[in-house]
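> This is the structure, below, for whatever I ask next.
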Amino acid sequence: MKEWVNLNRRDFLAAFGATYGVTACSWAAPRSWFLEYAGTEDGPPREQHINTLCSMCPGGCGLRVRLVHGCAVGVRGNKDHPINRGGLCSRASAVLQDVYNPDRLRQPLRCVGSRGSGQWEEIEWDAAIAMVADKLALLRGNGNPEGLSVVLGRGRGLSRTAWRRFARAYGTPNIIDAHPDDNLGVQPAVLATQGVAQRIGYDVAKAGYVLSFSSGWLDAHWSTEQSARVFADFRRGRPGFRPRWVHIEPRHSVTATKADEWIPIRPGTEGTLALGIAHVMIREGLYDRDFVGRHGFGFEDWTDRNGVSHLGFRRMVLQDYAPRKVEAGTGVVEGTIFRLAREFSSNGPAIAVGYDGGGCGAQATYHRMAIHCLNALAGSIDVPGGITVFQELTLLDGEFDIDDVATRGLANEPLDGPAADRRLGGSAIDLLTRAIKDRRPYSTEALILAEADPVFSLAEGAAFGAALSAVPFVAAISGYHHDSNRHADLILPALHGLHRWDFDVAHTLKGHPVVTVSQPVMDPPKRGRDAYSVVRALANRLGGKVGGALPWADAESAVEAVLRELFDRGEGATFGPANEESWAQLLETRGWRAPFSSDFAEFKRDVIAGGGWTDPIYFHGKWDRVLQRPLRRFAFSSAYLASSFEAIPAAGDPDEVSARLLPQCRAEPRTSDETYPLELYVYELPNLVGCSSPNLPWLNDIAGAYMFEKWRTWVEIHPETAERFGVTAHDHVEVRTPRGRLTLPVRLYTGVMHDVVAIPFGFGRKSGGRWCRGIGENPADLVDARTDPLTGTALWTSTRATLRKM
Amino acid sequence: MININTRTYFRRRSALRELALGLAWGMALAVPWTTANAQHAGDIGLSSGDVMRGWRVFHDKKCVDCHAIWMQGGRVGPDLGRTRAGRLTNGQLAGIMWNHIPKMLSWREQVGHPPTVLTHQEMSDLFELIFFVRQLDELGDPRRGEEILRRKGCAECHATDTSGDSVGPDLAKWGEYVNPVAWAQMMWEHAPMMEEAMKRSDMTWPELEGADLVHLVAFVRSIGVSGDRTYLQPGSVARGRITFLEKKCNDCHPGAGPDLTQAELPASVAALASRMWNHSPAMARVMREEELIRQPINPQELADILAYVLALGTRDQAGDPALGEQVFARKGCMQCHDLEETDGSDIPSLSDLRGDALPVNMAAAMWNHGQTMLERMTEAGLSWPVFDDREMVDLLAYLRAVNADSRSEDATNN
């Protein structure tokens, strides 16, 4: 009894945590399901630790899974992994709940009622593969391979590679990414300004000053564990030096909480503020003249090859973005704009970060261009503590023969917009909806949802669902039931990441490529098949040159081919103790190489044991790599747009052409809209962002911990705004927009800007497992999305709203 | 064997690939670098350590918590890659470690690091690592490289914009060669041709100073059109020694050229390569006079030769036992240690050292027993003896001589 009396706070929390964990585990993993994995092994516990890839989000982190008798019982971060360095986010912590989830699909399902009726029957794998193959063979036999669309979702390297190769061999140009923002980040703006197709990173740990424009850095970054670690390095990595982080966002987010200063701003006006800051930097001569002079283009007025003169960035910014005018549009006061410009330019290396997360709320490309121009003005492009350009790494990308049918099919225009290969975004799922519905430029006869749920995740998700109904045949690969595959004819269960061979290419924020190997740490379920095997089986049934697209016998062989390519590069280091990576870095930056693995067998063993491979070398100042076509300069006035994007007229009114090449971020002053006096701001929940599995009770339980909310969707309103509408805490209100209405509980929050209603995105699924179906509401139902003309993707930040107390 | 005619690939693009292939073959065929070092170094009086093992020891034994190597690691102790400019020999390194013991132990206690034991082999590996990282060059600065290229007049003959419109090769095509030794080799091969061309244009031979070469390489890398990188394997001392003889370098060194075992040489690989470049016209003249043939040499061979030459600089000059005896007395070693075998004392007799009174052994003994020794000395009111560079070498020579004498006496008595 005495021991209990003396129980201190730490012991109590430890005991409570352990009890909670065990209880939750037993709750989440019904005994019968768990026993299938546990097997019947007798004897003393056999313990193993295996490094593998975390499949819970696109971050590319490494896991270290603890197994007892071959059954995963615990998970930690792989401390040798360059991205998470042993860290583990909440989603990764829930991976066991995902792998043992009782609602995971385990057998192919065929729809037996009308589409969307939810009536399914289990069928055998061979029958399911035959069903898909027969449909695709018929389509191809008719000479219409372009009638197939493949929508890629949360699948990783091997699955995506397999589908891309399959689509090329089959002959469809319609391989469309359901989460373009996850995979592109600020890439469209980088393409427009730097001409490079790679994503960029931010060397925040060495920066002296960061201006974060609704970046989602600690909330919704594509690699939250890495962004948190880098943020910690930024804060504490240089004793005696206090760098400064200023966060600008309509809402006081986690990032804002950790920042030195939070500046509220009207939704969707971040680029306007960036140009206001640029105005002060230019007017006061605070920009890096050397960088702008040596590497800039379009800063001053310029004349094209036809002798037509064009407006330059300097004149445009000085004319149109005076701080007083910017204040009226953004809500950020003039004095603050002056101060930010002076701080930004005098505390280098300085970084301006735009939205760098996944999913909803993407900034318009022009806004991202404006923010990125600040980096050029500060001279922070490709310098330590500044912007890095990810080093390209393509794997299993070798050419293979295709037949005439495929050649003809690939010659068709992709359904997600005209000349998609030249559009900044590369993939525009939002445009696919219209193409399917209008049957233009041709009809979609078959559609495969490869671990994608666009009906839930798109702003126009409901419209996409309706469009799916018009497609004669829809198949889905998925671990669970969800809002999209309820429209399918057939669902093929996806194998969990802990059960399969796979790989993933990610990057550190310093720009180093990181390849993580996923391996089956446990025996897969008896009837499970990995995505690669499914695609290969399909290809083989179609035969001919389609069958040759995937020459590797199984996923393990394909991963071995990846490792062979890495070994043959003769660069980089396998994950191992941090010293091995730093050894490679020490030598290779100086032109030497002495790898710890001497031959391929040793290399393969080391990669699989350590979890992956990285190339920790980044040479700054390779301008031919970081500033590419068409001018090999940083384009304040985008020559890329002028030369390659047909939405920008090459001829016509010179002023109009000039204006379209420059970042267009004019924000209109707030008007009194009596019908919809408020602005809607949708943000992603940190614990659910990018999560590949929606059916995790642990995550639902902590989804809104900072607001003391869980298991539902709420609306955040500033108390003064609420008072105007006669709303008090814990009331329910109807939030109405031109698009729709939702009834939600109110949370009064001084951390949201006046006249803005903020709603988290993450709940509100209409189908799925027991822990996500019917939980909360989806704010996408309210979003009156407009399309970014430069990328074709939907923007969530332009919707007006009103409230009514219920 | 690799045979690259550098003059040819200055004219033909395809030869660049040959160079890369040659390097790859060189790396594949060569005796594994570290093993070769360890096996053969003893033959020439150098350390028998292994650099990569040393790297692991450096981390496993947590040296990295206090010491950085080229700015990677702790900040408490000196950066082992950058401090102590100039020559450093085995004996000097042992002396530095000896002097450093009280401070190191005090710090370890403060941060709570438990004592660690280093075997003789581990200490040898650490020695090898320290000598190796000291030979590495700083990272080049492209802007400084561009400025050097202009100031030295290189840009008068070499274009940097892939235009191909220049007397010499366009440097923008050579960005993949990220190692300064590869550049030194190309320049070495290129030197006679370049000397002729410069004579015709009445230009003076550009001399490279300090880190000029690494800055130049950094600049060329920054303008390089290729994303590839061609690496060299770190030079092998053992292979370098063989190549040094095969290429007949010993015809001149020592001879018409300086004795490399005695010369004051630069500390880093690129600086040594720059020295070769600067002396190229003089070397060419002497070779013509002596009717010696300029031997073709590939980049890996040059890396090996440079490693060998730099390793010569780590050898101690012969110590003076007489001076060592004075050091032994002056530093108070004899207050605790006997030179004859003693029974019953827990203080080790230095007779145990026998012929092993070598710098590495001394450093290992100090590391493993320093704590006890410091405590004993503190109890006895003795201060920790500090040795300068010469004193440690002489002391070791004395201990070896004494033990050799005692062994002779033993043999006679027996």
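To be explicit about the labels: the chains of the structure tokens are called A, B, and onward in the order shown, and within each one the residues are counted from 1, while ligands get numbers from 1 in the order they are shown.
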Could you list the residues in chain B lying within 6 Å of chain A, using only C-alpha atoms, and format the result as a JSON list (two decimals) with N, CA and C atoms, in the first residue's frame?

```json
[["chain", "number", "residue", "atom", "x", "y", "z"],
["B", 178, "VAL", "N", 34.99, 15.27, -59.70],
["B", 178, "VAL", "CA", 34.83, 16.03, -58.46],
["B", 178, "VAL", "C", 36.04, 15.90, -57.54],
["B", 179, "ASN", "N", 37.02, 15.11, -57.96],
["B", 179, "ASN", "CA", 38.18, 14.92, -57.10],
["B", 179, "ASN", "C", 39.36, 15.74, -57.61],
["B", 222, "SER", "N", 30.40, 23.24, -60.48],
["B", 222, "SER", "CA", 29.17, 24.03, -60.48],
["B", 222, "SER", "C", 28.68, 24.36, -61.88],
["B", 231, "TYR", "N", 34.28, 9.40, -58.84],
["B", 231, "TYR", "CA", 35.05, 9.44, -57.61],
["B", 231, "TYR", "C", 36.35, 8.67, -57.77],
["B", 232, "LEU", "N", 37.26, 8.92, -56.85],
["B", 232, "LEU", "CA", 38.45, 8.10, -56.72],
["B", 232, "LEU", "C", 38.39, 7.39, -55.38],
["B", 233, "GLN", "N", 39.06, 6.24, -55.36],
["B", 233, "GLN", "CA", 39.20, 5.55, -54.09],
["B", 233, "GLN", "C", 40.32, 6.25, -53.32],
["B", 234, "PRO", "N", 40.16, 6.45, -52.03],
["B", 234, "PRO", "CA", 41.26, 7.06, -51.28],
["B", 234, "PRO", "C", 42.56, 6.33, -51.53]]
```
> Would you mind listing what lies within 7 Å of stretch 524-536 of chain A as number ranges by chain, with only C-alpha atoms counted and same-chain residues fewer than 2 positions away left out?
A: 106-107, 158-159, 162-163, 494-495, 499-500, 522, 538-540, 550, 554-555
> Keeping N, CA and C atoms, export the residues of the selection given above as a tab-separated table (two decimals), in the first residue's frame.

```tsv
chain	number	residue	atom	x	y	z
A	106	ARG	N	-9.92	-8.72	-46.93
A	106	ARG	CA	-9.00	-9.86	-47.00
A	106	ARG	C	-9.26	-10.75	-48.21
A	107	GLN	N	-10.33	-10.46	-48.91
A	107	GLN	CA	-10.70	-11.33	-50.03
A	107	GLN	C	-11.29	-10.44	-51.11
A	158	LEU	N	6.83	0.77	-55.60
A	158	LEU	CA	6.68	-0.37	-56.49
A	158	LEU	C	5.29	-0.40	-57.12
A	159	SER	N	4.30	-0.10	-56.31
A	159	SER	CA	2.94	-0.10	-56.83
A	159	SER	C	2.79	0.98	-57.92
A	162	ALA	N	4.71	-0.04	-61.00
A	162	ALA	CA	4.03	-1.12	-61.72
A	162	ALA	C	2.87	-0.57	-62.55
A	163	TRP	N	2.07	0.30	-61.95
A	163	TRP	CA	0.93	0.85	-62.68
A	163	TRP	C	1.38	1.74	-63.84
A	494	ALA	N	-5.86	-4.65	-50.74
A	494	ALA	CA	-4.44	-4.29	-50.78
A	494	ALA	C	-3.74	-4.89	-49.56
A	495	LEU	N	-2.52	-5.32	-49.80
A	495	LEU	CA	-1.74	-5.90	-48.72
A	495	LEU	C	-1.10	-4.78	-47.91
A	499	HIS	N	3.45	-6.35	-44.76
A	499	HIS	CA	3.33	-7.70	-45.31
A	499	HIS	C	3.96	-7.85	-46.67
A	500	ARG	N	4.58	-6.80	-47.20
A	500	ARG	CA	4.98	-6.88	-48.60
A	500	ARG	C	6.36	-6.28	-48.84
A	522	MET	N	6.19	-9.73	-41.38
A	522	MET	CA	5.39	-10.88	-40.93
A	522	MET	C	4.89	-11.62	-42.16
A	538	LEU	N	-2.23	-9.24	-64.07
A	538	LEU	CA	-3.07	-8.61	-65.11
A	538	LEU	C	-2.31	-8.52	-66.43
A	539	ALA	N	-1.06	-8.03	-66.33
A	539	ALA	CA	-0.25	-7.84	-67.54
A	539	ALA	C	-0.03	-9.18	-68.22
A	540	ASN	N	0.24	-10.20	-67.43
A	540	ASN	CA	0.50	-11.51	-68.03
A	540	ASN	C	-0.74	-12.08	-68.71
A	550	LEU	N	6.47	-5.85	-67.04
A	550	LEU	CA	6.90	-6.09	-65.65
A	550	LEU	C	7.71	-7.39	-65.62
A	554	ASP	N	8.47	-11.30	-59.09
A	554	ASP	CA	7.62	-10.92	-57.97
A	554	ASP	C	8.16	-9.63	-57.36
A	555	ALA	N	7.50	-9.19	-56.33
A	555	ALA	CA	7.87	-7.90	-55.73
A	555	ALA	C	9.28	-7.94	-55.17
```
> Mind checking DSSP for stretch 127-356 of chain A and telling me the helix (DSSP H, G or I) residues as a PyMOL selection string?
chain A and resi 127-141+145-147+157-170+180-184+187-194+204-206+224-236+254-258+270-283+289-295+313-320+323-330+334-346
> Using only C-alpha atoms, which of B:Leu88, B:Ala94, B:Ala184, B:Cys63 sits nearest B:Met392?
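Checking each candidate against B:Met392, we get B:Ala94 as the closest.
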> Give me the residues within 7 Å of B:Gly54 as a CSV table (one decimal) with C-alpha atoms, in the first residue's frame, counting only C-alpha atoms and dropping any in the same chain fewer than 2 places off.

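around_18.csv, written as the output of this step:
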```csv
chain,number,residue,atom,x,y,z
B,50,ASP,CA,42.9,0.8,-41.0
B,51,VAL,CA,41.1,4.1,-41.7
B,52,MET,CA,37.5,2.6,-41.9
B,56,ARG,CA,34.1,3.1,-36.5
B,57,VAL,CA,36.2,3.2,-33.4
B,58,PHE,CA,36.0,6.9,-33.4
B,122,GLU,CA,42.0,0.2,-32.2
B,125,ASP,CA,43.2,2.4,-36.5
B,126,LEU,CA,42.5,5.8,-34.8
B,128,GLU,CA,45.4,6.0,-39.3
B,129,LEU,CA,42.1,7.8,-39.3
```
> Please provide as a PyMOL selection string all residues within 7 Å of stretch 248-262 of chain B, with the sequence filter that same-chain residues fewer than 6 positions apart are discarded (counting only C-alpha atoms).
chain B and resi 309+312-313
> Leaving out stretch 362-365 of chain B and any residue of its chain fewer than 4 positions from it, which residues lie within 7 Å of it when counting only C-alpha atoms, given as a PDB file with C-alpha atoms, in the first residue's frame?

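The result, stored in selection34.pdb:
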```pdb
ATOM      1  CA  ALA B  94      51.223  10.191 -29.125  1.00  0.00           C
ATOM      2  CA  MET B  97      47.367  12.499 -26.656  1.00  0.00           C
ATOM      3  CA  TRP B  98      49.532  12.068 -23.571  1.00  0.00           C
ATOM      4  CA  LEU B 118      41.153   0.860 -26.613  1.00  0.00           C
ATOM      5  CA  THR B 119      43.126  -2.099 -27.838  1.00  0.00           C
ATOM      6  CA  HIS B 120      46.420  -1.655 -29.580  1.00  0.00           C
ATOM      7  CA  MET B 123      44.512   2.854 -31.340  1.00  0.00           C
ATOM      8  CA  ALA B 357      57.831   1.305 -26.991  1.00  0.00           C
ATOM      9  CA  LEU B 358      56.108   2.680 -30.042  1.00  0.00           C
ATOM     10  CA  HIS B 369      45.670   3.424 -17.671  1.00  0.00           C
TER      11      HIS B 369
END
```
> Write out as a ChimeraX atom specification the set of residues from stretch 175-352 of chain A that DSSP, computed on the backbone, places in strand (DSSP E or B).
/A:175-177,200-202,209-213,221,244-248,251,261-263,296-297,302-303,309-310,350-352
> Write out the residues from the selection above, keeping N, CA and C atoms, as a PDB file, in the first residue's frame.

```pdb
ATOM      1  N   ILE A 175      -2.894   8.081 -66.509  1.00  0.00           N
ATOM      2  CA  ILE A 175      -2.423   7.612 -65.223  1.00  0.00           C
ATOM      3  C   ILE A 175      -2.364   8.864 -64.355  1.00  0.00           C
ATOM      4  N   ILE A 176      -3.295   8.964 -63.446  1.00  0.00           N
ATOM      5  CA  ILE A 176      -3.598  10.257 -62.814  1.00  0.00           C
ATOM      6  C   ILE A 176      -3.432  10.150 -61.304  1.00  0.00           C
ATOM      7  N   ASP A 177      -2.790  11.146 -60.771  1.00  0.00           N
ATOM      8  CA  ASP A 177      -2.480  11.142 -59.340  1.00  0.00           C
ATOM      9  C   ASP A 177      -3.631  11.759 -58.549  1.00  0.00           C
ATOM     10  N   ILE A 200      11.364  21.036 -54.233  1.00  0.00           N
ATOM     11  CA  ILE A 200      12.411  21.732 -53.488  1.00  0.00           C
ATOM     12  C   ILE A 200      12.302  21.422 -52.000  1.00  0.00           C
ATOM     13  N   GLY A 201      13.431  21.601 -51.332  1.00  0.00           N
ATOM     14  CA  GLY A 201      13.468  21.431 -49.883  1.00  0.00           C
ATOM     15  C   GLY A 201      13.945  22.720 -49.244  1.00  0.00           C
ATOM     16  N   TYR A 202      13.866  22.743 -47.935  1.00  0.00           N
ATOM     17  CA  TYR A 202      14.250  23.945 -47.197  1.00  0.00           C
ATOM     18  C   TYR A 202      15.275  23.547 -46.136  1.00  0.00           C
ATOM     19  N   TYR A 209      16.307  32.913 -40.565  1.00  0.00           N
ATOM     20  CA  TYR A 209      14.994  33.547 -40.489  1.00  0.00           C
ATOM     21  C   TYR A 209      14.049  32.801 -41.425  1.00  0.00           C
ATOM     22  N   VAL A 210      12.866  32.513 -40.950  1.00  0.00           N
ATOM     23  CA  VAL A 210      11.891  31.816 -41.793  1.00  0.00           C
ATOM     24  C   VAL A 210      10.569  32.571 -41.771  1.00  0.00           C
ATOM     25  N   LEU A 211      10.089  32.862 -42.966  1.00  0.00           N
ATOM     26  CA  LEU A 211       8.743  33.410 -43.138  1.00  0.00           C
ATOM     27  C   LEU A 211       7.875  32.270 -43.641  1.00  0.00           C
ATOM     28  N   SER A 212       6.952  31.855 -42.837  1.00  0.00           N
ATOM     29  CA  SER A 212       6.156  30.676 -43.161  1.00  0.00           C
ATOM     30  C   SER A 212       4.738  31.125 -43.513  1.00  0.00           C
ATOM     31  N   PHE A 213       4.394  30.953 -44.782  1.00  0.00           N
ATOM     32  CA  PHE A 213       3.080  31.404 -45.271  1.00  0.00           C
ATOM     33  C   PHE A 213       2.108  30.227 -45.282  1.00  0.00           C
ATOM     34  N   HIS A 221       2.739  18.909 -42.943  1.00  0.00           N
ATOM     35  CA  HIS A 221       3.851  18.745 -43.879  1.00  0.00           C
ATOM     36  C   HIS A 221       3.823  17.341 -44.472  1.00  0.00           C
ATOM     37  N   ARG A 244      14.806  33.155 -36.054  1.00  0.00           N
ATOM     38  CA  ARG A 244      13.435  33.640 -35.872  1.00  0.00           C
ATOM     39  C   ARG A 244      12.508  33.006 -36.908  1.00  0.00           C
ATOM     40  N   TRP A 245      11.355  32.590 -36.438  1.00  0.00           N
ATOM     41  CA  TRP A 245      10.345  31.960 -37.305  1.00  0.00           C
ATOM     42  C   TRP A 245       9.068  32.776 -37.182  1.00  0.00           C
ATOM     43  N   VAL A 246       8.606  33.330 -38.289  1.00  0.00           N
ATOM     44  CA  VAL A 246       7.366  34.101 -38.297  1.00  0.00           C
ATOM     45  C   VAL A 246       6.346  33.327 -39.133  1.00  0.00           C
ATOM     46  N   HIS A 247       5.222  33.052 -38.527  1.00  0.00           N
ATOM     47  CA  HIS A 247       4.218  32.238 -39.215  1.00  0.00           C
ATOM     48  C   HIS A 247       3.000  33.095 -39.556  1.00  0.00           C
ATOM     49  N   ILE A 248       2.579  32.990 -40.799  1.00  0.00           N
ATOM     50  CA  ILE A 248       1.464  33.802 -41.302  1.00  0.00           C
ATOM     51  C   ILE A 248       0.363  32.837 -41.751  1.00  0.00           C
ATOM     52  N   ARG A 251      -5.191  31.060 -39.184  1.00  0.00           N
ATOM     53  CA  ARG A 251      -5.527  30.359 -37.952  1.00  0.00           C
ATOM     54  C   ARG A 251      -4.258  30.108 -37.140  1.00  0.00           C
ATOM     55  N   GLU A 261       6.426  34.381 -33.812  1.00  0.00           N
ATOM     56  CA  GLU A 261       5.361  35.357 -34.009  1.00  0.00           C
ATOM     57  C   GLU A 261       4.323  34.774 -34.960  1.00  0.00           C
ATOM     58  N   TRP A 262       3.081  35.025 -34.657  1.00  0.00           N
ATOM     59  CA  TRP A 262       2.006  34.599 -35.577  1.00  0.00           C
ATOM     60  C   TRP A 262       1.315  35.839 -36.104  1.00  0.00           C
ATOM     61  N   ILE A 263       1.136  35.897 -37.401  1.00  0.00           N
ATOM     62  CA  ILE A 263       0.454  37.028 -38.020  1.00  0.00           C
ATOM     63  C   ILE A 263      -0.766  36.493 -38.750  1.00  0.00           C
ATOM     64  N   GLY A 296      19.033  36.190 -62.217  1.00  0.00           N
ATOM     65  CA  GLY A 296      17.627  36.526 -62.355  1.00  0.00           C
ATOM     66  C   GLY A 296      17.243  36.850 -63.793  1.00  0.00           C
ATOM     67  N   PHE A 297      15.957  36.679 -64.084  1.00  0.00           N
ATOM     68  CA  PHE A 297      15.413  37.098 -65.380  1.00  0.00           C
ATOM     69  C   PHE A 297      14.048  37.725 -65.138  1.00  0.00           C
ATOM     70  N   TRP A 302      11.682  43.895 -69.760  1.00  0.00           N
ATOM     71  CA  TRP A 302      12.500  43.184 -70.743  1.00  0.00           C
ATOM     72  C   TRP A 302      11.811  43.188 -72.104  1.00  0.00           C
ATOM     73  N   THR A 303      12.581  42.890 -73.106  1.00  0.00           N
ATOM     74  CA  THR A 303      12.070  42.900 -74.474  1.00  0.00           C
ATOM     75  C   THR A 303      12.211  41.513 -75.078  1.00  0.00           C
ATOM     76  N   SER A 309       8.197  44.991 -75.648  1.00  0.00           N
ATOM     77  CA  SER A 309       8.696  45.168 -74.289  1.00  0.00           C
ATOM     78  C   SER A 309       7.658  44.653 -73.284  1.00  0.00           C
ATOM     79  N   HIS A 310       8.168  44.128 -72.165  1.00  0.00           N
ATOM     80  CA  HIS A 310       7.305  43.521 -71.161  1.00  0.00           C
ATOM     81  C   HIS A 310       7.560  44.126 -69.791  1.00  0.00           C
ATOM     82  N   ALA A 350      17.759  33.490 -45.203  1.00  0.00           N
ATOM     83  CA  ALA A 350      16.337  33.602 -44.915  1.00  0.00           C
ATOM     84  C   ALA A 350      15.545  32.763 -45.916  1.00  0.00           C
ATOM     85  N   ILE A 351      14.474  32.174 -45.415  1.00  0.00           N
ATOM     86  CA  ILE A 351      13.653  31.289 -46.259  1.00  0.00           C
ATOM     87  C   ILE A 351      12.201  31.730 -46.181  1.00  0.00           C
ATOM     88  N   ALA A 352      11.550  31.750 -47.333  1.00  0.00           N
ATOM     89  CA  ALA A 352      10.101  31.938 -47.376  1.00  0.00           C
ATOM     90  C   ALA A 352       9.486  30.597 -47.782  1.00  0.00           C
TER      91      ALA A 352
END
```
> If you count only C-alpha atoms, which residues fall within 10 Å of B:Asp79, apart from same-chain ones fewer than 2 positions away, as a PDB file with C-alpha atoms, in the first residue's frame?

```
ATOM      1  CA  VAL B  64      32.888  11.840 -31.721  1.00  0.00           C
ATOM      2  CA  CYS B  66      33.856  15.604 -28.045  1.00  0.00           C
ATOM      3  CA  HIS B  67      35.841  15.770 -31.267  1.00  0.00           C
ATOM      4  CA  ALA B  68      34.658  16.724 -34.721  1.00  0.00           C
ATOM      5  CA  ILE B  69      36.189  15.601 -37.965  1.00  0.00           C
ATOM      6  CA  TRP B  70      35.778  18.322 -40.518  1.00  0.00           C
ATOM      7  CA  MET B  71      33.021  19.895 -38.465  1.00  0.00           C
ATOM      8  CA  GLN B  72      31.041  16.648 -37.992  1.00  0.00           C
ATOM      9  CA  GLY B  73      30.951  15.821 -34.304  1.00  0.00           C
ATOM     10  CA  GLY B  74      31.415  17.415 -30.925  1.00  0.00           C
ATOM     11  CA  ARG B  75      32.824  20.832 -30.296  1.00  0.00           C
ATOM     12  CA  VAL B  76      34.512  20.215 -26.939  1.00  0.00           C
ATOM     13  CA  GLY B  77      37.833  18.993 -28.255  1.00  0.00           C
ATOM     14  CA  GLY B  81      40.628  17.170 -39.450  1.00  0.00           C
ATOM     15  CA  ARG B  82      41.605  20.777 -39.189  1.00  0.00           C
ATOM     16  CA  THR B  83      43.724  21.554 -36.149  1.00  0.00           C
ATOM     17  CA  ARG B  84      47.470  21.500 -35.842  1.00  0.00           C
ATOM     18  CA  ARG B 134      44.168  15.564 -41.981  1.00  0.00           C
TER      19      ARG B 134
END
```
> Identify, on the basis of only C-alpha atoms, every residue whose closest approach to A:Gln194 does not exceed 12 Å; exclude the query and any residue fewer than 5 positions from it along the same chain; express the result as a ChimeraX atom specification.
/A:186-189,199-200,295-297,369,372-373,375-376,381-382,387-389,623-641
> Mind giving me the straight-line distance from atom CA of A:Val546 to atom CA of A:Asp403 in Å, one decimal?
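Interatomic distance, atom CA of A:Val546 to atom CA of A:Asp403: 8.1 Å.
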> What is the distance between atom CA of A:Gly548 and atom CA of A:Ala452, in Å to one decimal?
25.8 Å
